[in-house]
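J.: What follows is the file protein.cif, containing mmCIF, C-alpha atoms:
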data_model
loop_
_atom_site.label_atom_id
_atom_site.label_comp_id
_atom_site.auth_asym_id
_atom_site.auth_seq_id
_atom_site.Cartn_x
_atom_site.Cartn_y
_atom_site.Cartn_z
CA ASP J 128 29.33 -88.53 127.59
CA GLY J 129 27.49 -90.35 130.36
CA GLY J 130 23.74 -90.27 130.22
CA ILE J 131 20.45 -91.74 129.14
CA THR J 132 19.36 -91.78 125.53
CA GLN J 133 15.95 -92.48 124.11
CA SER J 134 14.96 -93.05 120.53
CA PRO J 135 13.19 -92.09 118.47
CA LYS J 136 12.33 -88.58 119.61
CA TYR J 137 9.01 -88.70 117.76
CA LEU J 138 7.09 -91.82 116.80
CA PHE J 139 3.87 -92.27 114.89
CA ARG J 140 1.86 -95.44 115.18
CA LYS J 141 -1.04 -96.72 113.17
CA GLU J 142 -3.98 -98.39 114.84
CA GLY J 143 -3.21 -102.04 115.63
CA GLN J 144 0.57 -101.70 115.39
CA ASN J 145 3.09 -102.62 118.04
CA VAL J 146 5.98 -100.17 118.45
CA THR J 147 9.15 -100.35 120.52
CA LEU J 148 10.77 -97.40 122.27
CA SER J 149 14.47 -97.59 122.99
CA CYS J 150 16.16 -96.57 126.24
CA GLU J 151 19.93 -96.91 126.80
CA GLN J 152 22.09 -95.72 129.68
CA ASN J 153 25.85 -95.75 130.24
CA LEU J 154 25.72 -94.61 133.86
CA ASN J 155 26.14 -98.14 135.20
CA HIS J 156 22.81 -97.79 137.00
CA ASP J 157 21.12 -100.96 138.17
CA ALA J 158 17.54 -99.68 138.12
CA MET J 159 15.58 -98.44 135.12
CA TYR J 160 12.05 -97.12 134.82
CA TRP J 161 9.43 -96.22 132.23
CA TYR J 162 6.91 -93.44 132.81
CA ARG J 163 4.13 -91.98 130.77
CA GLN J 164 3.11 -88.31 130.89
CA ASP J 165 -0.17 -86.97 129.53
CA PRO J 166 -0.77 -83.23 129.03
CA GLY J 167 -1.18 -81.35 132.30
CA GLN J 168 -0.54 -84.45 134.35
CA GLY J 169 2.27 -85.92 136.37
CA LEU J 170 4.30 -88.93 135.36
CA ARG J 171 2.80 -92.38 135.86
CA LEU J 172 4.90 -95.52 136.26
CA ILE J 173 4.52 -98.19 133.57
CA TYR J 174 7.27 -100.73 134.37
CA TYR J 175 10.48 -100.80 136.34
CA SER J 176 13.50 -103.05 136.62
CA GLN J 177 15.89 -103.13 139.55
CA ILE J 178 18.25 -105.73 138.09
CA VAL J 179 19.02 -107.45 134.80
CA ASN J 180 16.52 -110.14 133.77
CA ASP J 181 13.93 -108.91 136.26
CA PHE J 182 11.17 -106.32 135.94
CA GLN J 183 7.94 -105.39 137.69
CA LYS J 184 4.64 -103.84 136.65
CA GLY J 185 3.97 -100.29 137.65
CA ASP J 186 0.62 -98.57 138.00
CA ILE J 187 -0.41 -98.62 134.33
CA ALA J 188 1.29 -101.69 132.79
CA GLU J 189 -1.67 -102.92 130.73
CA GLY J 190 -0.93 -102.79 127.01
CA TYR J 191 2.84 -102.48 127.51
CA SER J 192 5.72 -104.94 127.70
CA VAL J 193 9.42 -104.63 128.54
CA SER J 194 12.61 -106.66 128.62
CA ARG J 195 15.87 -106.24 130.53
CA GLU J 196 18.44 -108.49 128.89
CA LYS J 197 21.32 -106.06 129.43
CA LYS J 198 22.07 -103.63 132.21
CA GLU J 199 22.32 -100.75 129.75
CA SER J 200 19.06 -101.30 127.91
CA PHE J 201 15.36 -101.30 128.86
CA PRO J 202 13.15 -101.19 125.74
CA LEU J 203 9.40 -100.60 126.03
CA THR J 204 6.91 -102.08 123.57
CA VAL J 205 3.56 -100.39 123.21
CA THR J 206 1.19 -103.07 122.00
CA SER J 207 -2.09 -102.79 120.12
CA ALA J 208 -3.83 -103.61 123.42
CA GLN J 209 -2.95 -100.13 124.73
CA LYS J 210 -6.05 -98.15 123.79
CA ASN J 211 -4.76 -94.62 124.38
CA PRO J 212 -1.04 -94.72 123.64
CA THR J 213 -0.59 -91.10 122.57
CA ALA J 214 1.64 -89.60 125.26
CA PHE J 215 5.15 -88.50 126.20
CA TYR J 216 7.21 -91.52 127.32
CA LEU J 217 10.12 -91.01 129.69
CA CYS J 218 12.79 -93.49 130.69
CA ALA J 219 14.79 -93.03 133.88
CA SER J 220 17.61 -94.79 135.67
CA SER J 221 19.11 -94.75 139.14
CA THR J 222 21.49 -96.54 141.41
CA THR J 223 19.58 -98.81 143.77
CA GLY J 224 16.76 -96.59 144.89
CA ASP J 225 17.18 -92.83 145.26
CA THR J 226 17.65 -90.09 142.68
CA GLN J 227 16.43 -90.87 139.18
CA TYR J 228 17.76 -89.28 136.02
CA PHE J 229 15.64 -89.00 132.92
CA GLY J 230 16.23 -89.43 129.23
CA PRO J 231 14.93 -86.81 126.76
CA GLY J 232 11.72 -88.72 126.08
CA THR J 233 9.80 -90.07 123.10
CA ARG J 234 6.56 -88.50 121.89
CA LEU J 235 4.25 -91.18 120.56
CA THR J 236 1.24 -90.27 118.44
CA VAL J 237 -1.39 -92.63 117.14
CA LEU J 238 -2.57 -91.80 113.65
CA ARG V 273 -7.15 -88.59 146.83
CA LYS V 274 -3.91 -88.33 144.85
CA GLU V 275 -0.79 -89.53 146.62
CA VAL V 276 1.05 -86.29 145.86
CA GLU V 277 -0.96 -83.10 145.35
CA GLN V 278 0.15 -79.72 144.06
CA ASP V 279 -1.56 -76.47 143.15
CA PRO V 280 -1.31 -76.40 139.34
CA GLY V 281 -0.99 -72.61 139.21
CA PRO V 282 0.06 -70.81 137.14
CA PHE V 283 1.96 -68.56 139.50
CA ASN V 284 2.74 -65.32 137.66
CA VAL V 285 5.41 -63.31 139.48
CA PRO V 286 7.68 -60.38 138.55
CA GLU V 287 11.41 -60.78 138.30
CA GLY V 288 13.07 -60.54 141.69
CA ALA V 289 10.03 -61.77 143.60
CA THR V 290 10.02 -64.56 146.15
CA VAL V 291 7.60 -67.37 145.42
CA ALA V 292 6.68 -70.49 147.39
CA PHE V 293 4.99 -73.71 146.33
CA ASN V 294 3.48 -76.30 148.63
CA CYS V 295 2.93 -79.96 148.03
CA THR V 296 1.09 -82.47 150.22
CA TYR V 297 1.58 -86.22 150.30
CA SER V 298 -0.66 -88.94 151.65
CA ASN V 299 1.72 -91.86 152.15
CA SER V 300 3.28 -91.42 155.58
CA ALA V 301 5.77 -94.18 154.74
CA SER V 302 7.39 -92.10 151.99
CA GLN V 303 11.09 -91.88 152.69
CA SER V 304 12.49 -89.17 150.48
CA PHE V 305 11.22 -86.25 148.49
CA PHE V 306 12.44 -84.34 145.50
CA TRP V 307 11.66 -81.28 143.48
CA TYR V 308 12.13 -81.67 139.74
CA ARG V 309 11.96 -78.91 137.19
CA GLN V 310 10.36 -79.57 133.81
CA ASP V 311 10.56 -77.18 130.88
CA CYS V 312 7.92 -77.31 128.18
CA ARG V 313 8.14 -80.56 126.17
CA LYS V 314 11.35 -81.61 127.94
CA GLU V 315 12.27 -84.24 130.48
CA PRO V 316 12.18 -83.52 134.22
CA LYS V 317 15.49 -82.51 135.75
CA LEU V 318 16.37 -82.84 139.41
CA LEU V 319 16.32 -79.51 141.20
CA MET V 320 16.66 -80.54 144.84
CA SER V 321 16.48 -83.54 147.12
CA VAL V 322 14.71 -83.19 150.47
CA TYR V 323 15.84 -85.91 152.85
CA SER V 324 15.24 -84.67 156.35
CA SER V 325 14.03 -81.33 157.57
CA GLY V 326 15.05 -79.39 154.49
CA ASN V 327 17.68 -78.37 152.01
CA GLU V 328 19.03 -75.11 150.58
CA ASP V 329 20.85 -74.53 147.31
CA GLY V 330 21.49 -70.93 146.35
CA ARG V 331 18.17 -69.20 145.74
CA PHE V 332 16.20 -72.38 146.33
CA THR V 333 15.08 -73.74 149.70
CA ALA V 334 13.06 -76.90 150.23
CA GLN V 335 11.37 -77.73 153.52
CA LEU V 336 9.80 -80.98 154.69
CA ASN V 337 7.17 -81.16 157.42
CA ARG V 338 6.53 -84.82 158.22
CA ALA V 339 3.94 -84.09 160.91
CA SER V 340 1.73 -82.24 158.44
CA GLN V 341 2.92 -84.24 155.43
CA TYR V 342 3.87 -81.38 153.18
CA ILE V 343 6.91 -80.20 151.29
CA SER V 344 7.55 -76.65 150.20
CA LEU V 345 9.84 -75.01 147.68
CA LEU V 346 10.89 -71.39 148.08
CA ILE V 347 12.50 -69.49 145.22
CA ARG V 348 14.09 -66.16 146.07
CA ASP V 349 15.02 -63.41 143.60
CA SER V 350 13.13 -65.06 140.74
CA LYS V 351 14.76 -65.02 137.30
CA LEU V 352 13.08 -65.24 133.92
CA SER V 353 14.88 -68.56 133.48
CA ASP V 354 13.05 -69.98 136.50
CA SER V 355 9.87 -70.15 134.39
CA ALA V 356 8.99 -73.84 134.24
CA THR V 357 6.78 -76.48 135.82
CA TYR V 358 7.95 -77.71 139.21
CA LEU V 359 7.16 -81.31 140.06
CA CYS V 360 6.90 -82.51 143.64
CA VAL V 361 7.98 -86.12 143.94
CA SER V 362 7.99 -88.73 146.69
CA LEU V 363 10.01 -91.92 146.90
CA GLY V 364 8.14 -94.73 148.59
CA THR V 365 9.28 -97.89 150.21
CA GLY V 366 9.29 -101.25 148.46
CA ARG V 367 9.49 -100.72 144.74
CA ARG V 368 11.64 -97.58 145.00
CA ALA V 369 9.76 -95.84 142.22
CA LEU V 370 8.83 -92.19 142.25
CA THR V 371 5.33 -90.80 142.64
CA PHE V 372 4.85 -87.48 140.90
CA GLY V 373 2.53 -84.61 141.56
CA SER V 374 0.93 -82.97 138.53
CA GLY V 375 3.24 -79.99 138.78
CA THR V 376 3.00 -76.28 139.55
CA ARG V 377 3.60 -73.90 136.69
CA LEU V 378 5.68 -70.79 137.35
CA GLN V 379 5.85 -67.85 134.96
CA VAL V 380 8.35 -65.13 135.86
CA GLN V 381 7.61 -61.89 134.07
CA PRO V 382 9.97 -59.01 133.23
#
Represent the structure contained in this file as structure tokens.
T.:
Amino acid sequence: DGGITQSPKYLFRKEGQNVTLSCEQNLNHDAMYWYRQDPGQGLRLIYYSQIVNDFQKGDIAEGYSVSREKKESFPLTVTSAQKNPTAFYLCASSTTGDTQYFGPGTRLTVL
Amino acid sequence: RKEVEQDPGPFNVPEGATVAFNCTYSNSASQSFFWYRQDCRKEPKLLMSVYSSGNEDGRFTAQLNRASQYISLLIRDSKLSDSATYLCVSLGTGRRALTFGSGTRLQVQP
């Protein structure tokens, strides 16, 4: 099956911990994106990558880091510097520009 | 001012009704627009793309008015399964990332 997968579905983090969220796609898309959604709000862009080995900050990149070593993979690390990490994290991919398709998301909760 | 603004609703309508949502955008350079549907605690799924003046797909019609900078979504003959949050989205120039509105919640009642 072609698509985007994210893992884990639910993640719990203790104060001061770094955690990494996985995002994999087998759609052969060049571009990948990470968004964050808080209750009752729209999605906000954290980081995006339009090509392997290159990525750019989005609107709320502070406290997050990413890598893009392979076309299929775009992991997101939520560092201890992110003060309010509890949210729904969504990964998306697309061909160059245009329609984006989303993975099922990861719900992160800080304990 | 938010770049993409929507009425949060909720819109409560009976089955079979016609309902319309509007969305305004502030960036006149935005190239393309989309409506995504999001069910509770799920990921957004593409409903329709709106590239030029509008688009129609079955019971759904999307219109774009560049002069007034708004996009609309019309749903005819509402079904219970249409109950969801509808996200208005613009695609800007440059970074090619999407800008999302906060969503309009629709509840179709029997």
J.: Find the residues around Leu363 in chain V up to 8 Å (only C-alpha atoms counted), leave out those fewer than 2 positions away in its own chain, and share them as a CSV table (one decimal) with C-alpha atoms, keeping the file's coordinate frame.
T.:
chain,number,residue,atom,x,y,z
J,225,ASP,CA,17.2,-92.8,145.3
V,302,SER,CA,7.4,-92.1,152.0
V,303,GLN,CA,11.1,-91.9,152.7
V,304,SER,CA,12.5,-89.2,150.5
V,305,PHE,CA,11.2,-86.2,148.5
V,361,VAL,CA,8.0,-86.1,143.9
V,365,THR,CA,9.3,-97.9,150.2
V,368,ARG,CA,11.6,-97.6,145.0
V,369,ALA,CA,9.8,-95.8,142.2
V,370,LEU,CA,8.8,-92.2,142.2
V,371,THR,CA,5.3,-90.8,142.6
J.: Name the closest residue to chain V among the candidates J:Lys141, J:Arg163, J:Arg195, J:Arg171; distances are taken between atoms, counting all atoms listed in the file.
T.: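 Once distances to chain V are computed over all atoms listed in the file, the minimum belongs to J:Arg171.
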J.: Using the chain letters and numbers from the file, which residues does the PyMOL selection byres ((chain J and resi 205-219) around 6) grab, as a list in words?
T.: Gly143, Gln144, Asn145, Val146, Met159, Tyr160, Trp161, Tyr162, Arg163, Gln164, Asp165, Gly190, Tyr191, Thr204, Ser220, Gln227, Tyr228, Phe229, Gly230, Gly232, Thr233, Arg234, Leu235, Thr236 and Val237 of chain J
J.: Mind checking which residues fall within 6 Å of Gln310 in chain V, counting only C-alpha atoms, ignoring those fewer than 4 positions away in the same chain, and posting them as a ChimeraX atom specification?
T.: /V:316,356-357
J.: Return the single residue from V:Gln379, V:Ser355, V:Ser298, V:Ser340 that is closest to Asn284 in chain V, with distances computed using all atoms listed in the file.
T.: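 Distance minimum relative to Asn284 in chain V lands on V:Gln379.
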J.: Name the residues within 12 Å of (23.2, -85.6, 129.8), counting only C-alpha atoms in the file's coordinates, and put them as a ChimeraX atom specification.
T.: /J:128-133,152-154,219,228-231 /V:315,317
J.: Can I get the selection written as a PDB file, in the frame of the given file, with C-alpha atoms?
T.:
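As written to disk, out23.pdb reads:
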ATOM      1  CA  ASP J 128      29.330 -88.530 127.590  1.00  0.00           C
ATOM      2  CA  GLY J 129      27.490 -90.350 130.360  1.00  0.00           C
ATOM      3  CA  GLY J 130      23.740 -90.270 130.220  1.00  0.00           C
ATOM      4  CA  ILE J 131      20.450 -91.740 129.140  1.00  0.00           C
ATOM      5  CA  THR J 132      19.360 -91.780 125.530  1.00  0.00           C
ATOM      6  CA  GLN J 133      15.950 -92.480 124.110  1.00  0.00           C
ATOM      7  CA  GLN J 152      22.090 -95.720 129.680  1.00  0.00           C
ATOM      8  CA  ASN J 153      25.850 -95.750 130.240  1.00  0.00           C
ATOM      9  CA  LEU J 154      25.720 -94.610 133.860  1.00  0.00           C
ATOM     10  CA  ALA J 219      14.790 -93.030 133.880  1.00  0.00           C
ATOM     11  CA  TYR J 228      17.760 -89.280 136.020  1.00  0.00           C
ATOM     12  CA  PHE J 229      15.640 -89.000 132.920  1.00  0.00           C
ATOM     13  CA  GLY J 230      16.230 -89.430 129.230  1.00  0.00           C
ATOM     14  CA  PRO J 231      14.930 -86.810 126.760  1.00  0.00           C
TER      15      PRO J 231
ATOM     16  CA  GLU V 315      12.270 -84.240 130.480  1.00  0.00           C
ATOM     17  CA  LYS V 317      15.490 -82.510 135.750  1.00  0.00           C
TER      18      LYS V 317
END
J.: Since I can't run it myself right now, could you work out what the PyMOL selection byres ((chain J and resi 201) around 9) selects here and report it as a list in words?
T.: Leu148, Ser149, Cys150, Glu151, Gln152, Met159, Tyr160, Trp161, Tyr175, Ser176, Val193, Ser194, Arg195, Glu196, Lys197, Lys198, Glu199, Ser200, Pro202, Leu203 and Cys218 of chain J
J.: I'd like a table as a Markdown table: residues in chain J with an atom no more than 6 Å from chain V, each row giving the shortest atom pair and its distance in Å to one decimal, only C-alpha atoms counted, sorted by chain and rising residue number.
T.:
| residue | atom | partner | partner_atom | distance |
| --- | --- | --- | --- | --- |
| J:Gln168 | CA | V:Ser374 | CA | 4.7 |
| J:Gly169 | CA | V:Ser374 | CA | 3.9 |
| J:Leu170 | CA | V:Phe372 | CA | 5.8 |
| J:Gly224 | CA | V:Arg368 | CA | 5.2 |
| J:Pro231 | CA | V:Glu315 | CA | 5.2 |
J.: Would you output that residue set with C-alpha atoms, as a short mmCIF file (atom, residue, chain, number, x, y, z; two decimals), in the coordinates of the input?
T.:
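selection_36.cif was written with the following content:
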data_model
loop_
_atom_site.label_atom_id
_atom_site.label_comp_id
_atom_site.auth_asym_id
_atom_site.auth_seq_id
_atom_site.Cartn_x
_atom_site.Cartn_y
_atom_site.Cartn_z
CA GLN J 168 -0.54 -84.45 134.35
CA GLY J 169 2.27 -85.92 136.37
CA LEU J 170 4.30 -88.93 135.36
CA GLY J 224 16.76 -96.59 144.89
CA PRO J 231 14.93 -86.81 126.76
#
J.: Taking the file as shown, find all residues satisfying the PyMOL selection byres ((chain V and resi 324) around 9) and write them as an MDAnalysis selection string.
T.: chainID V and resid 304:305 322:323 325:327 335:338
J.: May I have the residues within 10 Å of Asp354 in chain V as a PyMOL selection string, using all atoms listed in the file and disregarding those fewer than 6 positions away in the same chain?
T.: chain V and resi 287+309+311+347+378-380
J.: Would you work out the distance separating CA of Ala188 in chain J from CA of Ala158 in chain J, expressed in Å to one decimal?
T.: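 Distance between the two atoms: 17.2 Å.
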J.: One number please: CA of Tyr174 in chain J to CA of Cys312 in chain V, in Å, one decimal.
T.: 24.2 Å
J.: Report, in Å with one decimal, the straight-line distance from CA of Thr296 in chain V to CA of Thr222 in chain J.
T.: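 About the pair CA of Thr296 in chain V and CA of Thr222 in chain J: they are 26.3 Å apart.
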